[in-house]
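One structure is given here, and the rest of the page talks about it.
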Amino acid sequence: MTDNIQREIRDIWNQNAAFWDQRGGDNGLIMQRTLIDPSMERLLDLKPGERLLEIACGNGAFARRMAQHPVNIVACDFAAAFIELAKARTTENRERIDYRVIDANDQAALLTLGTPSGESFDAVCCSMAIMDMAEIDPMLRAVRQLLKLHGRFVFSITHPCFNSGQGIKRVIEQEDKDGEIIDVYAIKISNYATPTSYKGLGIIGQPAAQFYFHRPLNVLFGACFRTGFVIDALEEPTFESSVNPNRPLSWDNYREIPPVLIARLRIA
Ligand SMILES: C[S@@+](CC[C@H](N)C(=O)[O-])C[C@H]1O[C@@H](n2cnc3c(N)ncnc32)[C@H](O)[C@@H]1O
């Protein structure tokens, strides 16, 4: 991946930051609030006084939620515009969140967040950003060094099997089932096995299409295993009720298909 593409990826996030911040508000987007954050919070299982590093924090909604535990947080993002918005939105527990502009592709920069001996954080998290990163090995290596021996790394990601990559189509089909007309919600997948990058919209209407990097499960977790992590918890939450009644193709209608995957890694 060239420096030009890396710069373009960051510029796009800076362009989208204000729009995403507006949509998410103080507490984050609906999918984050309903499905992702509760699962991340459960798997992080933070104890009062622990130190948490959040990578790719966006407008800081999850950091603010975690600060209530109460824990001390370093929250970083490579888009300076997001960090400014995050600071502006943080009024409560301000003293517990240290916001920084850091590129997660830069292992050395991430390591500056720790102490010289490493092992600085009880937990590290990264929510809904790994699929936006061209490379993940530098971040994984840094996290491995920054974590305390019994620490945990929790991340969420668009589900690599059902909600990632070009060639995934959400469909609704109608079926006459013994005289009852029912809607069947399904996903059609034509590409999975090959890692690909493409552009798409995280939120319809955002100023610029963003880059995505699709990794099948063996590639995603293979990188984690190579770095010295094991998985000790995995969640695939689904919506239990409708949140967008006017949008039939909204994920909350696909009740049997998880749009996101949340994993907890520990040092092997
Ligand atoms: C989909 S948003 C998610 C933001 C937030 N974590 C949330 O769940 O609302 C992706 C975030 O990842 C950040 N990001 C993408 N690549 C990054 C990188 N290489 N280093 C740091 N942040 C990055 C973007 O700036 C953006 O804030």
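Residue names in the structure tokens use chain letters A, B, ... in the order shown, residue numbers from 1 in each chain, and ligand numbers from 1 in the order shown.
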Could you report the residues within 6 Å of ligand 1, using only C-alpha atoms and all ligand atoms, as a ChimeraX atom specification? /A:13,28,56-58,77-79,102-105,127-129,132-133
Got a sec to tell me which of range 41-262 of chain A DSSP assigns to helix (DSSP H, G or I), as an NGL selection string? :A and (41-44 or 61-67 or 80-89 or 94-96 or 107-111 or 130-132 or 137-146 or 217-227 or 251-253)
Give me, as a count of residues only, the residues of range 74-216 of chain A that a backbone DSSP run labels strand (DSSP E or B). 58
Restricting to only C-alpha atoms, whichever of A:Gly228, A:Gly200, A:Pro160, A:Gly24 is closest to Ile262 in chain A is A:Pro160
Which residues are close to range 59-72 of chain A, i.e. within 6 Å by only C-alpha atoms, leaving aside same-chain residues fewer than 6 positions away? Reply as a PyMOL selection string. chain A and resi 21+26-28+48-51+82+85-86+96
Include N, CA and C atoms and write out the residues we just selected as a PDB file, in the first residue's frame.
ATOM      1  N   ASP A  21     -20.158  12.314  12.819  1.00  0.00           N
ATOM      2  CA  ASP A  21     -20.349  12.817  14.179  1.00  0.00           C
ATOM      3  C   ASP A  21     -21.788  13.274  14.394  1.00  0.00           C
ATOM      4  N   ASP A  26     -23.805  12.103  20.632  1.00  0.00           N
ATOM      5  CA  ASP A  26     -23.004  11.812  21.836  1.00  0.00           C
ATOM      6  C   ASP A  26     -22.809  10.314  22.055  1.00  0.00           C
ATOM      7  N   ASN A  27     -23.822   9.509  21.686  1.00  0.00           N
ATOM      8  CA  ASN A  27     -23.801   8.092  22.091  1.00  0.00           C
ATOM      9  C   ASN A  27     -23.555   7.104  20.966  1.00  0.00           C
ATOM     10  N   GLY A  28     -23.311   7.578  19.756  1.00  0.00           N
ATOM     11  CA  GLY A  28     -22.952   6.671  18.666  1.00  0.00           C
ATOM     12  C   GLY A  28     -24.121   6.260  17.799  1.00  0.00           C
ATOM     13  N   PRO A  48     -12.835  -1.149  37.649  1.00  0.00           N
ATOM     14  CA  PRO A  48     -12.480   0.229  38.001  1.00  0.00           C
ATOM     15  C   PRO A  48     -10.969   0.401  38.136  1.00  0.00           C
ATOM     16  N   GLY A  49     -10.472   1.493  37.568  1.00  0.00           N
ATOM     17  CA  GLY A  49      -9.053   1.816  37.704  1.00  0.00           C
ATOM     18  C   GLY A  49      -8.171   1.214  36.614  1.00  0.00           C
ATOM     19  N   GLU A  50      -8.728   0.349  35.750  1.00  0.00           N
ATOM     20  CA  GLU A  50      -7.892  -0.243  34.699  1.00  0.00           C
ATOM     21  C   GLU A  50      -7.555   0.806  33.633  1.00  0.00           C
ATOM     22  N   ARG A  51      -6.550   0.463  32.807  1.00  0.00           N
ATOM     23  CA  ARG A  51      -6.154   1.347  31.695  1.00  0.00           C
ATOM     24  C   ARG A  51      -6.585   0.715  30.378  1.00  0.00           C
ATOM     25  N   PHE A  82     -11.857  13.996  13.583  1.00  0.00           N
ATOM     26  CA  PHE A  82     -12.615  13.192  14.544  1.00  0.00           C
ATOM     27  C   PHE A  82     -12.162  13.487  15.983  1.00  0.00           C
ATOM     28  N   LEU A  85     -13.669  16.641  17.233  1.00  0.00           N
ATOM     29  CA  LEU A  85     -15.097  16.461  17.543  1.00  0.00           C
ATOM     30  C   LEU A  85     -15.269  15.654  18.831  1.00  0.00           C
ATOM     31  N   ALA A  86     -14.415  14.653  19.006  1.00  0.00           N
ATOM     32  CA  ALA A  86     -14.492  13.820  20.213  1.00  0.00           C
ATOM     33  C   ALA A  86     -14.230  14.675  21.455  1.00  0.00           C
ATOM     34  N   ARG A  96     -10.560  11.556  32.429  1.00  0.00           N
ATOM     35  CA  ARG A  96     -10.227  10.127  32.267  1.00  0.00           C
ATOM     36  C   ARG A  96      -9.933   9.736  30.827  1.00  0.00           C
TER      37      ARG A  96
END
Kindly indicate which residue among A:Ile168, A:Met131, A:Ile36, A:Leu149 lies nearest to Phe211 in chain A, using only C-alpha atoms for the distances. A:Met131
Quick one: residues within 9 Å of Arg255 in chain A, only C-alpha atoms counted, chain neighbours fewer than 6 positions away excluded, as a PyMOL selection string? chain A and resi 185+238-241
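Checking A:Val260, A:Ala17, A:Ile73, A:Ile9 one by one against Pro207 in chain A, counting only C-alpha atoms, you find the shortest gap at A:Ala17.
Candidate residues A:Arg170, A:His159, A:His214, A:Lys199 were compared for distance to Tyr254 in chain A, and the nearest is A:Arg170, using only C-alpha atoms.
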Within 8 Å of Val184 in chain A, counting only C-alpha atoms, which residues qualify if same-chain residues fewer than 3 places away don't, as a PyMOL selection string? chain A and resi 172-175
Could you dump the residues just selected with C-alpha atoms as a JSON list (two decimals), in the first residue's frame?
[["chain", "number", "residue", "atom", "x", "y", "z"],
["A", 172, "ILE", "CA", -35.93, -9.99, 0.13],
["A", 173, "GLU", "CA", -37.93, -12.77, -1.52],
["A", 174, "GLN", "CA", -41.61, -13.52, -1.17],
["A", 175, "GLU", "CA", -42.87, -17.03, -0.53]]
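Distance check against Ala80 in chain A using only C-alpha atoms: of A:Arg10, A:Arg264, A:Arg144, A:Arg94, the minimum falls on A:Arg10.
Atom pair CA of Asp45 in chain A / CA of Val124 in chain A: separated by 11.5 Å.
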Residue neighbourhood Ile203 in chain A, 12 Å, only C-alpha atoms, exclusion window fewer than 3 positions, as a ChimeraX atom specification: /A:16-17,19-24,29-31,200,206-210,250
Using only C-alpha atoms, the residue out of A:Leu53, A:Leu35, A:Ile136, A:Cys224 with shortest distance to Pro237 in chain A is A:Leu35
For CA of Val230 in chain A and CA of Arg152 in chain A, quote the distance in Å rounded to one decimal. 10.0 Å
I'd like the contact shell of Pro216 in chain A - 9 Å cut-off, only C-alpha atoms, skipping same-chain residues fewer than 4 positions apart - returned as a ChimeraX atom specification. /A:160-161,164,192-195,220-221
